[in-house]
There are 2 protein chains.
Amino acid sequence: MFELKARDGLARIGILKTKHGSISTPALLPVINPHHMIIKPDEMRRMGAQAVITNAYIIYKDEELRAYALKKGLHSLLEFNHPIMTDSGSFQMYVYGKEDIDANEIVKFQRDIGSDIGTILDIFSADASYEEALKQVKETIRRARESKKYAKEMLLATTVQGGVYKNLRKMAAKEMAKVGGDVYPIGGVVPLMENQRFFDLANVIISSKKYIPIDKPVHLFGAGHPMIFPLAVLLGCDLFDSSSYIKYAKDDRLIFPDGTYRLEQLEELPCSCPICSKYSIDEIKEMEKEERMKAIAYHNLWQSFNEIKKIRQAIKDGNLWELVERKATFHPALMEAMEVLKKNKKWLEKWENISKKKAFMYAGRYSIHRPIIYRLHKRIMERYTPFFKDSVVVKEGDKPYSRNEKLKEIKANVIVDASIGPIPIELDEIYPVAQSVFPRYIDNETKKYVARIFKKFYNGIKGENAPMDYDLRKIISIADYQFGKGAGNALFNGEIKIIKSKTTGKIRNVYCDGKHVVSMRASDGFFTLKKEGGRRLHSYFPFTRLRVVVKNEAVPFIKEGKNVFAKFVVECDEELRPYDEVLIVDEDDVLIAVGQTIMNRKEMLSFKHGMAVKNREPL
Amino acid sequence: MFELKARDGLARIGILKTKHGSISTPALLPVINPHHMIIKPDEMRRMGAQAVITNAYIIYKDEELRAYALKKGLHSLLEFNHPIMTDSGSFQMYVYGKEDIDANEIVKFQRDIGSDIGTILDIFSADASYEEALKQVKETIRRARESKKYAKEMLLATTVQGGVYKNLRKMAAKEMAKVGGDVYPIGGVVPLMENQRFFDLANVIISSKKYIPIDKPVHLFGAGHPMIFPLAVLLGCDLFDSSSYIKYAKDDRLIFPDGTYRLEQLEELPCSCPICSKYSIDEIKEMEKEERMKAIAYHNLWQSFNEIKKIRQAIKDGNLWELVERKATFHPALMEAMEVLKKNKKWLEKWENISKKKAFMYAGRYSIHRPIIYRLHKRIMERYTPFFKDSVVVKEGDKPYSRNEKLKEIKANVIVDASIGPIPIELDEIYPVAQSVFPRYIDNETKKYVARIFKKFYNGIKGENAPMDYDLRKIISIADYQFGKGAGNALFNGEIKIIKSKTTGKIRNVYCDGKHVVSMRASDGFFTLKKEGGRRLHSYFPFTRLRVVVKNEAVPFIKEGKNVFAKFVVECDEELRPYDEVLIVDEDDVLIAVGQTIMNRKEMLSFKHGMAVKNREPL
């Protein structure tokens with residue numbers, strides 16, 4: 001049902017399959033009022049909507065609509081032959097404080113009218129007390145179990161509630177996972193959004209996401225303002241619904257990337273959407289109410305889809321963190337959420353790509369807490385082996401630092417005191433060291449944080465004299481950083497021949513005893529494993545280090561060069577990260593190919609669809 | 001020629017009058033290649049272009065174009081009946097390294113073809129040595145003097161050069177002021193832009209702007225990338241020209257608010273301009289070269305005009321600083337420019353509005369260095385008089401702090417240890433104290449900076465016991481803060497009656513001995529002067545404090561309630577800031593009205609056009 005295509009950490013481009021076609025996530029589903037479709041779903045599709053969402057409760061409560069939907073189907077009712085998700089009325093129950101519909105009945109109804117994704121009738125816990133929220137979560141879980149029986153071929157969205165209580169969110173997510181929902185909405189967040197409690201919102205998302213099956217799409221229910229999209233996607237949300245576009249339009253409010261403006265406050269229209277490039281601000285102000293509302297709704301939708309597109313591009317470029325940090329400057333309450341990301345960097349690092357397409361750009365005091373920097377510091381601390389007894393500190397120069405030939409000749413461990421952290425000269429070309437941009441003036445918190453790490457690392461260097469040529473030190477250090485301590489010696493324990501690029505002078509290929517062991521990528525300074533490299537690492541590292549273990553039935557295909565699909569993975573090294581080089585072995589640990597992961601362990605073992613490892617070279 | 005309409009510090013909405021109509025600044029003038037108009041100027045006008053710029057040198061060098069322009073005029077050549085500025089070819093001389101045109105000749109030519117704003121043939125100093133740049137500046141000044149003779153009815157742009165040398169920029173600006181140009185381009189910045197030397201660029205702008213006549217529009221020559229617009233406008237630049245839109249289009253590069261993307265890098269089009277909402281990214285990629293270039297040029301122009309509109313809106317809202325701080329997160333090199341702003345906050349404060357329409361929003365570690373905060377700290381330090389011998393520090397609570405009734409009853413100076421600084425409880429409602437939003441987690445630099453100020457202020461409190469009712473303390477403190485030490489006692493030295501709003505409980509009007517002295521504005525917590533208030537301040541403060549002195553010939557008009565135009569101002573208090581309350585007096589210091597400034601002293605004495613002071617109430 002759901003497949004992973006590309007990613008930037010937990011943020012992912014995925015494909016969600018429904019009866020009426022696929023949705024490429026992250027996606028925004030505009031909310032359609034079946035009574036009054038101000039913009040037709042089909043028109044929205046041209047604006048960027050892959051799917052829409054409507055409220056089954058409203059249809060159910062209207063005799064005419066209900067009869068039509070039951071007879072001709074939901075897709076005919078909305079005149080939309082693409083995926084339609086339905087909500088069950090939970091939010092309405094919450095707002096009106098009474099429940100006038102049966103939980104099973106509304107699920108059956110959604111199924112009967114042909115909804116592609118139907119939602120259980122969960123109980124919306126907003127600012128409920130713990131006891132209350134607990135009761136509500138339990139009832140919601142009970143209903144989900146029941147609903148599952150009636151969903152049949154309809155995908156079922158099993159909403160995770162639990163208020164702001166982390167362990168209730170955890171419990172709810174775990175139980176919903178047992179129920180086996182297809183889509184996992186995170187519910188009850190509208191009041192947090194409305195009160196700009198983005199700190200709490202980030203915590204709610206994380207404590208839910210940690211226990212929601214990783215192979216299932218997550219829907220942040222009711223979070224329709226683009227301001228929150230980048231943060232939510234970064235934390236692994238895949239779907240959004242927006243009624244904001246129309247709610248705001250009714251209230252003469254325009255959505256912009258930096259927030260919402262009342263029409264009366266605006267004297268300029270800093271937008272060039274089909275509405276804003278056609279009408280002047282004064283013309284919009286002078287429109288009749290109904291026409292104006294429609295115009296603003298269009299504008300709001302265009303702006304909302306733009307934000308989703310911006311995020312999708314950022315995932316592909318690998319710079320979504322930057323986008324999130326920038327967005328944080330748009331409101332102090334959004335900046336508070338950065339503290340939550342900082343506290344969770346260890347967890348976030350598990351999903352973090354080995355490298356990104358775009359350089360690491362410093363955007364403020366939270367940049368140093370991005371998971372990729374956490375990893376950099378951790379690996380340098382744990383995996384770097386010094387080559388000399390003495391060490392010297394040098395100031396940061398142009399990148400890569402080894403451009404400065406003198407540094408390579410020093411007969412001591414040369415540690416660059418860089419903005420990004422303590423960098424042994426041998427590691428100056430790996431991502432994000434060479435591919436990072438810091439300003440000359442860095443905030444004091446970052447400076448202090450880095451200084452502390454520098455001190456800890458520098459004081460811990462205890463080398464024995466094993467002087468070596470710089471290039472040899474470099475390839476050993478990179479291998480240790482990338483594959484684990486000892487990898488360098490395992491890979492390069494013979495007569496080494498290093499081939500460099502004639503134009504750039506950079507290392508391209510490394511041969512050992514005449515065999516091609518690894519190639520070095522110009523883009524990120526890491527190695528690509530060749531067959532011989534795979535063999536060497538395989539015999540050096542014990543099972544299951546660096547391995548993905550595939551079912552024996554898949555072996556013949558992999559030997560032919562086919563990629564490894566997640567459903568065939570039986571085990572995987574916990575330390576592997578997305579886009580890592582990997583040894584593909586069969587159930588008896590026979591090496592059959594080298595490849596590149598798309599997923600980490602948890603994902604490989606969860607996903608039923610899609611590629612887990614790209615096959616580089618069968619042995 | 002140039003008139004000030006609205007402002008946010010040095011950033012201003014102005015009107016520049018030309019023979020072919022007015023330009024509302026800040027404005028972006030797209031560069032038109034007279035050989036090949038890919039987008040017609042008239043079409044650009046519909047996109048937001050109020051004026052265009054073209055190169056007179058290119059026209060001059062082409063026999064056919066020259067003949068046509070001389071015969072039918074420049075406006076006919078470009079088919080554009082709106083303002084056209086012309087450049088003289090300085091940049092071409094710089095790029096090709098030779099000068100093949102006479103400096104007077106090209107000015108005469110611009111005049112003869114009917115250019116609205118012609119440019120002198122300045123010498124472009126980029127990375128010249130000091131000696132070289134000095135020579136070039138001297139020659140440029142010499143040419144400007146000559147050119148002035150030939151400009152006649154054409155507005156003359158006298159370019160300020162001087163490389164990165166502050167005192168050369170100063171000299172150039174001062175000398176150009178003597179020449180009496182109409183528009184002041186800051187030249188030689190293209191190489192700084194191209195090398196992302198935004199730190200140097202900010203310094204170049206400031207050291208030029210400081211000496212360019214404040215009543216003249218400033219043009220940042222060749223800075224066509226929207227990334228730099230907010231910073232440049234904040235520093236007082238009014239005009240931009242852009243050839244980027246087409247240069248980038250030729251190179252398949254698309255302008256976005258966060259930078260420039262190569263078409264091939266893009267997989268999404270996060271834009272809804274008429275191009276991007278019509279075509280998909282793949283359709284654009286598949287276009288023929290010429291069609292594609294044109295499409296991207298359109299997109300780039302839309303994006304560029306959007307940025308200008310965003311800035312115009314921010315000036316009106318008074319939150320341009322926020323926009324600049326946010327933009328700074330878009331590139332580390334832009335963030336470096338924030339250091340320059342920080343260093344120049346004392347100068348920037350002179351132009352800073354008394355209050356703004358929108359609240360002060362913390363956007364990062366530079367927010368605390370905005371001029372409005374510098375002023376807040378300075379005035380609290382210098383103008384606040386404590387009412388008690390003892391002082392207590394209280395933690396920051398909800399705003400305004402005096403909501404907490406207990407704080408008003410404490411018989412000691414109550415100083416709130418707020419994120420924004422040390423705030424005496426009496427000043428809790430003034431802008432930006434009540435109208436500020438900080439996150440719960442503030443960066444350490446801000447915390448330390450504020451703590452230092454807190455300590456300095458708190459240690460300096462030396463009060464004598466003069467216990468008073470909170471409301472009385474409040475109005476005295478606000479008056480002192482707003483008008484200067486002693487103003488409170490001068491205004492409120494009789495029997496005081498305070499009228500409060502029935503709905504909000506806030507002070508609205510203050511009467512002294514039965515006379516209405518001041519009103520308090522709900523929006524920013526400052527006073528509006530009534531006649532009696534004016535009289536009291538007038539007799540308390542010596543000439544010229546709080547005064548704007550107008551020519552006697554203007555007095556009858558002002559007595560009728562007419563506003564004060566800048567050309568009638570003969571003197572003004574140096575301490576007055578934009579939107580300050582002011583005493584309007586005649587040359588003999590007879591008080592004739594109270595009003596509100598639009599300009600500060602320097603501006604009032606420079607501008608020949610436009611309003612300097614809004615007349616509130618003649619006496």
# chains A, B, ... in the order shown; residues from 1 in each chain; ligands from 1
call {"tool": "interface_residues", "arguments": {"of": "chain B", "to": "chain A", "cutoff": "9 Å", "atoms": "only C-alpha atoms", "output": "ChimeraX atom specification"}}
result
/B:46-47,265-274,276-277,302-303,305-313,316-317,322-323,325-336,339,361-365,437-445
call {"tool": "select_by_dssp", "arguments": {"residues": "region 10-249 of chain B", "states": "strand (DSSP E)", "output": "MDAnalysis selection string"}}
result
chainID B and resid 11:18 21:25 27:32 52:55 84:87 117:119 155:157 184:186 218:220 239:242
call {"tool": "atom_distance", "arguments": {"atom1": "CA of Ile476 (chain A)", "atom2": "CA of Phe492 (chain A)"}}
result
7.3 Å
call {"tool": "residues_around", "arguments": {"residues": "Lys247 (chain B)", "least_positions_apart": "5", "cutoff": "12 Å", "atoms": "only C-alpha atoms", "output": "MDAnalysis selection string"}}
result
chainID B and resid 30:33 38 222 224:225 242 252:255 260 293:294 296:297 300:301
call {"tool": "write_last_selection", "arguments": {"atoms": "all heavy atoms", "output": "CSV table (one decimal), in the first residue's frame"}}
result
chain,number,residue,atom,x,y,z
B,30,PRO,N,13.4,46.5,-14.3
B,30,PRO,CA,14.0,45.5,-15.2
B,30,PRO,C,14.9,46.1,-16.3
B,30,PRO,O,14.6,47.1,-16.8
B,30,PRO,CB,12.8,44.8,-15.8
B,30,PRO,CG,11.6,45.2,-15.0
B,30,PRO,CD,11.9,46.5,-14.5
B,31,VAL,N,16.0,45.4,-16.5
B,31,VAL,CA,16.9,45.8,-17.6
B,31,VAL,C,16.4,45.4,-18.9
B,31,VAL,O,16.0,44.2,-19.1
B,31,VAL,CB,18.3,45.3,-17.3
B,31,VAL,CG1,19.2,45.6,-18.5
B,31,VAL,CG2,18.9,45.9,-16.0
B,32,ILE,N,16.3,46.3,-19.8
B,32,ILE,CA,15.8,46.0,-21.2
B,32,ILE,C,17.0,46.0,-22.1
B,32,ILE,O,17.7,47.0,-22.2
B,32,ILE,CB,14.7,47.0,-21.6
B,32,ILE,CG1,13.6,47.1,-20.6
B,32,ILE,CG2,14.2,46.7,-23.0
B,32,ILE,CD1,12.7,45.9,-20.4
B,33,ASN,N,17.1,45.0,-22.9
B,33,ASN,CA,18.1,45.0,-24.0
B,33,ASN,C,17.4,45.5,-25.2
B,33,ASN,O,16.5,44.9,-25.8
B,33,ASN,CB,18.6,43.5,-24.2
B,33,ASN,CG,19.6,43.5,-25.3
B,33,ASN,OD1,19.8,44.4,-26.0
B,33,ASN,ND2,20.3,42.3,-25.4
B,38,ILE,N,12.9,40.5,-24.9
B,38,ILE,CA,12.3,39.2,-24.7
B,38,ILE,C,11.0,39.3,-24.1
B,38,ILE,O,10.0,38.6,-24.5
B,38,ILE,CB,13.3,38.3,-23.9
B,38,ILE,CG1,14.5,38.0,-24.8
B,38,ILE,CG2,12.6,37.0,-23.5
B,38,ILE,CD1,15.7,37.5,-24.1
B,222,GLY,N,23.0,47.3,-10.2
B,222,GLY,CA,23.4,45.9,-10.6
B,222,GLY,C,23.0,44.9,-9.6
B,222,GLY,O,23.5,43.7,-9.7
B,224,GLY,N,20.5,42.7,-8.7
B,224,GLY,CA,19.2,42.3,-9.2
B,224,GLY,C,18.6,41.1,-8.5
B,224,GLY,O,17.5,40.6,-8.8
B,225,HIS,N,19.4,40.5,-7.6
B,225,HIS,CA,18.9,39.3,-7.0
B,225,HIS,C,18.0,39.6,-5.7
B,225,HIS,O,18.5,40.3,-4.8
B,225,HIS,CB,20.0,38.3,-6.6
B,225,HIS,CG,19.4,36.9,-6.4
B,225,HIS,ND1,18.6,36.6,-5.3
B,225,HIS,CD2,19.6,35.8,-7.1
B,225,HIS,CE1,18.2,35.3,-5.4
B,225,HIS,NE2,18.8,34.8,-6.5
B,242,SER,N,17.3,45.1,-12.5
B,242,SER,CA,17.6,43.6,-12.6
B,242,SER,C,17.8,43.2,-14.0
B,242,SER,O,16.9,43.3,-14.8
B,242,SER,CB,16.4,42.8,-12.0
B,242,SER,OG,16.6,41.5,-12.3
B,252,ASP,N,19.3,28.9,-17.7
B,252,ASP,CA,18.3,27.9,-17.1
B,252,ASP,C,18.3,27.9,-15.6
B,252,ASP,O,18.2,26.9,-15.0
B,252,ASP,CB,18.7,26.5,-17.6
B,252,ASP,CG,18.1,26.2,-19.0
B,252,ASP,OD1,17.1,26.9,-19.4
B,252,ASP,OD2,18.6,25.3,-19.7
B,253,ARG,N,18.4,29.1,-15.1
B,253,ARG,CA,18.3,29.2,-13.6
B,253,ARG,C,17.1,30.0,-13.2
B,253,ARG,O,16.7,31.0,-13.7
B,253,ARG,CB,19.6,29.9,-13.1
B,253,ARG,CG,20.8,28.9,-13.1
B,253,ARG,CD,22.1,29.7,-13.1
B,253,ARG,NE,22.3,30.2,-11.8
B,253,ARG,CZ,23.3,31.1,-11.5
B,253,ARG,NH1,24.0,31.6,-12.5
B,253,ARG,NH2,23.5,31.5,-10.3
B,254,LEU,N,16.4,29.4,-12.2
B,254,LEU,CA,15.1,30.0,-11.7
B,254,LEU,C,15.3,30.7,-10.4
B,254,LEU,O,15.9,30.1,-9.4
B,254,LEU,CB,14.1,28.9,-11.6
B,254,LEU,CG,13.4,28.4,-12.9
B,254,LEU,CD1,14.3,27.3,-13.5
B,254,LEU,CD2,12.0,28.0,-12.7
B,255,ILE,N,14.8,31.9,-10.3
B,255,ILE,CA,14.9,32.7,-9.0
B,255,ILE,C,13.7,32.3,-8.1
B,255,ILE,O,12.6,32.2,-8.5
B,255,ILE,CB,14.8,34.2,-9.3
B,255,ILE,CG1,16.1,34.6,-10.0
B,255,ILE,CG2,14.7,35.0,-8.0
B,255,ILE,CD1,16.1,36.1,-10.5
B,260,THR,N,18.7,30.7,-6.0
B,260,THR,CA,18.5,30.4,-7.4
B,260,THR,C,18.7,28.9,-7.6
B,260,THR,O,19.7,28.3,-7.0
B,260,THR,CB,19.6,31.2,-8.2
B,260,THR,OG1,19.4,32.5,-7.8
B,260,THR,CG2,19.3,31.1,-9.7
B,293,MET,N,13.7,29.9,-22.2
B,293,MET,CA,14.3,31.1,-21.7
B,293,MET,C,13.3,32.1,-21.3
B,293,MET,O,13.3,32.8,-20.3
B,293,MET,CB,15.4,31.6,-22.6
B,293,MET,CG,16.1,32.8,-22.1
B,293,MET,SD,17.1,33.5,-23.4
B,293,MET,CE,15.9,34.1,-24.6
B,294,LYS,N,12.4,32.3,-22.3
B,294,LYS,CA,11.3,33.3,-22.1
B,294,LYS,C,10.5,33.0,-20.9
B,294,LYS,O,10.1,33.8,-20.1
B,294,LYS,CB,10.5,33.4,-23.4
B,294,LYS,CG,9.6,34.7,-23.4
B,294,LYS,CD,9.0,34.9,-24.8
B,294,LYS,CE,8.0,36.0,-24.7
B,294,LYS,NZ,7.4,36.3,-26.0
B,296,ILE,N,11.2,31.1,-18.3
B,296,ILE,CA,12.0,31.3,-17.0
B,296,ILE,C,12.1,32.8,-16.7
B,296,ILE,O,12.0,33.2,-15.6
B,296,ILE,CB,13.3,30.6,-17.1
B,296,ILE,CG1,13.1,29.1,-17.3
B,296,ILE,CG2,14.1,30.8,-15.8
B,296,ILE,CD1,14.4,28.3,-17.5
B,297,ALA,N,12.3,33.6,-17.8
B,297,ALA,CA,12.5,35.0,-17.5
B,297,ALA,C,11.2,35.6,-16.9
B,297,ALA,O,11.2,36.4,-16.0
B,297,ALA,CB,12.8,35.7,-18.9
B,300,ASN,N,11.1,34.5,-13.3
B,300,ASN,CA,12.1,35.2,-12.5
B,300,ASN,C,11.6,36.6,-12.2
B,300,ASN,O,11.8,37.1,-11.1
B,300,ASN,CB,13.4,35.3,-13.3
B,300,ASN,CG,14.2,33.9,-13.2
B,300,ASN,OD1,13.8,33.0,-12.5
B,300,ASN,ND2,15.2,33.8,-14.0
B,301,LEU,N,10.9,37.2,-13.2
B,301,LEU,CA,10.4,38.6,-13.0
B,301,LEU,C,9.3,38.6,-11.9
B,301,LEU,O,9.2,39.4,-11.0
B,301,LEU,CB,9.9,39.2,-14.3
B,301,LEU,CG,10.9,40.1,-15.0
B,301,LEU,CD1,10.2,40.8,-16.2
B,301,LEU,CD2,11.5,41.2,-14.1
call {"tool": "closest_residue", "arguments": {"among": "A:Glu63, A:Val585, A:Val183, A:Asp390", "to": "Pro556 (chain A)", "atoms": "only C-alpha atoms"}}
result
A:Val585
call {"tool": "residues_around", "arguments": {"residues": "region 162-166 of chain B", "least_positions_apart": "3", "cutoff": "6 Å", "atoms": "only C-alpha atoms", "output": "PDB file with C-alpha atoms, in the first residue's frame"}}
result
ATOM      1  CA  SER B 125      35.904  50.468  -8.998  1.00  0.00           C
ATOM      2  CA  ALA B 126      35.500  46.928  -7.848  1.00  0.00           C
ATOM      3  CA  ALA B 133      40.018  53.670  -6.495  1.00  0.00           C
ATOM      4  CA  VAL B 137      36.520  58.376  -7.702  1.00  0.00           C
ATOM      5  CA  ARG B 169      32.607  56.118  -0.462  1.00  0.00           C
ATOM      6  CA  SER B 207      29.251  54.334   4.178  1.00  0.00           C
TER       7      SER B 207
END
call {"tool": "residues_around", "arguments": {"residues": "Arg403 (chain A)", "least_positions_apart": "3", "cutoff": "12 Å", "atoms": "only C-alpha atoms", "output": "list of chain:residue names"}}
result
A:Glu396, A:Gly397, A:Asp398, A:Lys399, A:Pro400, A:Lys406, A:Leu407, A:Lys408, A:Glu409, A:Ile425, A:Glu426, A:Asp428, A:Glu429, A:Ala434, A:Thr504, A:Gly505, A:Lys506
call {"tool": "select_by_dssp", "arguments": {"residues": "region 473-528 of chain A", "states": "helix (DSSP H, G or I)", "output": "mmCIF file with N, CA, C and O atoms, in the first residue's frame"}}
result
data_model
loop_
_atom_site.group_PDB
_atom_site.id
_atom_site.type_symbol
_atom_site.label_atom_id
_atom_site.label_comp_id
_atom_site.auth_asym_id
_atom_site.auth_seq_id
_atom_site.Cartn_x
_atom_site.Cartn_y
_atom_site.Cartn_z
ATOM 1 N N ARG A 473 46.642 7.358 5.037
ATOM 2 C CA ARG A 473 45.929 7.715 6.270
ATOM 3 C C ARG A 473 44.491 8.105 5.939
ATOM 4 O O ARG A 473 43.557 7.754 6.643
ATOM 5 N N LYS A 474 44.358 8.823 4.847
ATOM 6 C CA LYS A 474 43.028 9.306 4.462
ATOM 7 C C LYS A 474 42.070 8.150 4.172
ATOM 8 O O LYS A 474 40.964 8.100 4.707
ATOM 9 N N ILE A 475 42.507 7.233 3.349
ATOM 10 C CA ILE A 475 41.577 6.160 2.979
ATOM 11 C C ILE A 475 41.257 5.261 4.178
ATOM 12 O O ILE A 475 40.128 4.802 4.329
ATOM 13 N N ILE A 476 42.240 5.080 5.048
ATOM 14 C CA ILE A 476 41.974 4.279 6.261
ATOM 15 C C ILE A 476 40.960 4.992 7.155
ATOM 16 O O ILE A 476 40.005 4.392 7.645
ATOM 17 N N SER A 477 41.172 6.298 7.328
ATOM 18 C CA SER A 477 40.290 7.050 8.222
ATOM 19 C C SER A 477 38.863 7.117 7.691
ATOM 20 O O SER A 477 37.900 6.983 8.447
ATOM 21 N N ILE A 478 38.741 7.312 6.397
ATOM 22 C CA ILE A 478 37.397 7.376 5.817
ATOM 23 C C ILE A 478 36.695 6.025 5.957
ATOM 24 O O ILE A 478 35.525 5.953 6.335
ATOM 25 N N ALA A 479 37.436 4.970 5.683
ATOM 26 C CA ALA A 479 36.835 3.630 5.795
ATOM 27 C C ALA A 479 36.376 3.372 7.230
ATOM 28 O O ALA A 479 35.280 2.845 7.456
ATOM 29 N N ASP A 480 37.194 3.753 8.199
ATOM 30 C CA ASP A 480 36.800 3.557 9.600
ATOM 31 C C ASP A 480 35.561 4.363 9.939
ATOM 32 O O ASP A 480 34.654 3.894 10.630
ATOM 33 N N TYR A 481 35.533 5.610 9.439
ATOM 34 C CA TYR A 481 34.391 6.489 9.712
ATOM 35 C C TYR A 481 33.123 5.895 9.084
ATOM 36 O O TYR A 481 32.062 5.855 9.685
ATOM 37 N N GLN A 482 33.283 5.415 7.864
ATOM 38 C CA GLN A 482 32.111 4.986 7.119
ATOM 39 C C GLN A 482 31.617 3.597 7.530
ATOM 40 O O GLN A 482 30.406 3.391 7.657
ATOM 41 N N PHE A 483 32.568 2.672 7.756
ATOM 42 C CA PHE A 483 32.156 1.269 7.963
ATOM 43 C C PHE A 483 32.351 0.793 9.396
ATOM 44 O O PHE A 483 31.817 -0.227 9.800
ATOM 45 N N ALA A 487 37.881 -1.103 9.662
ATOM 46 C CA ALA A 487 37.537 -1.298 8.249
ATOM 47 C C ALA A 487 38.703 -0.890 7.346
ATOM 48 O O ALA A 487 38.983 -1.544 6.336
ATOM 49 N N GLY A 488 39.381 0.183 7.726
ATOM 50 C CA GLY A 488 40.492 0.676 6.914
ATOM 51 C C GLY A 488 41.579 -0.374 6.780
ATOM 52 O O GLY A 488 42.047 -0.670 5.669
ATOM 53 N N ASN A 489 41.949 -0.963 7.899
ATOM 54 C CA ASN A 489 42.989 -1.994 7.842
ATOM 55 C C ASN A 489 42.513 -3.238 7.116
ATOM 56 O O ASN A 489 43.279 -3.907 6.440
ATOM 57 N N ALA A 490 41.264 -3.554 7.241
ATOM 58 C CA ALA A 490 40.720 -4.723 6.557
ATOM 59 C C ALA A 490 40.708 -4.527 5.042
ATOM 60 O O ALA A 490 41.033 -5.420 4.276
ATOM 61 N N LEU A 491 40.365 -3.333 4.629
ATOM 62 C CA LEU A 491 40.254 -3.059 3.200
ATOM 63 C C LEU A 491 41.614 -2.890 2.529
ATOM 64 O O LEU A 491 41.819 -3.290 1.394
#
call {"tool": "atom_distance", "arguments": {"atom1": "CA of Arg601 (chain B)", "atom2": "CA of Val548 (chain B)"}}
result
8.4 Å
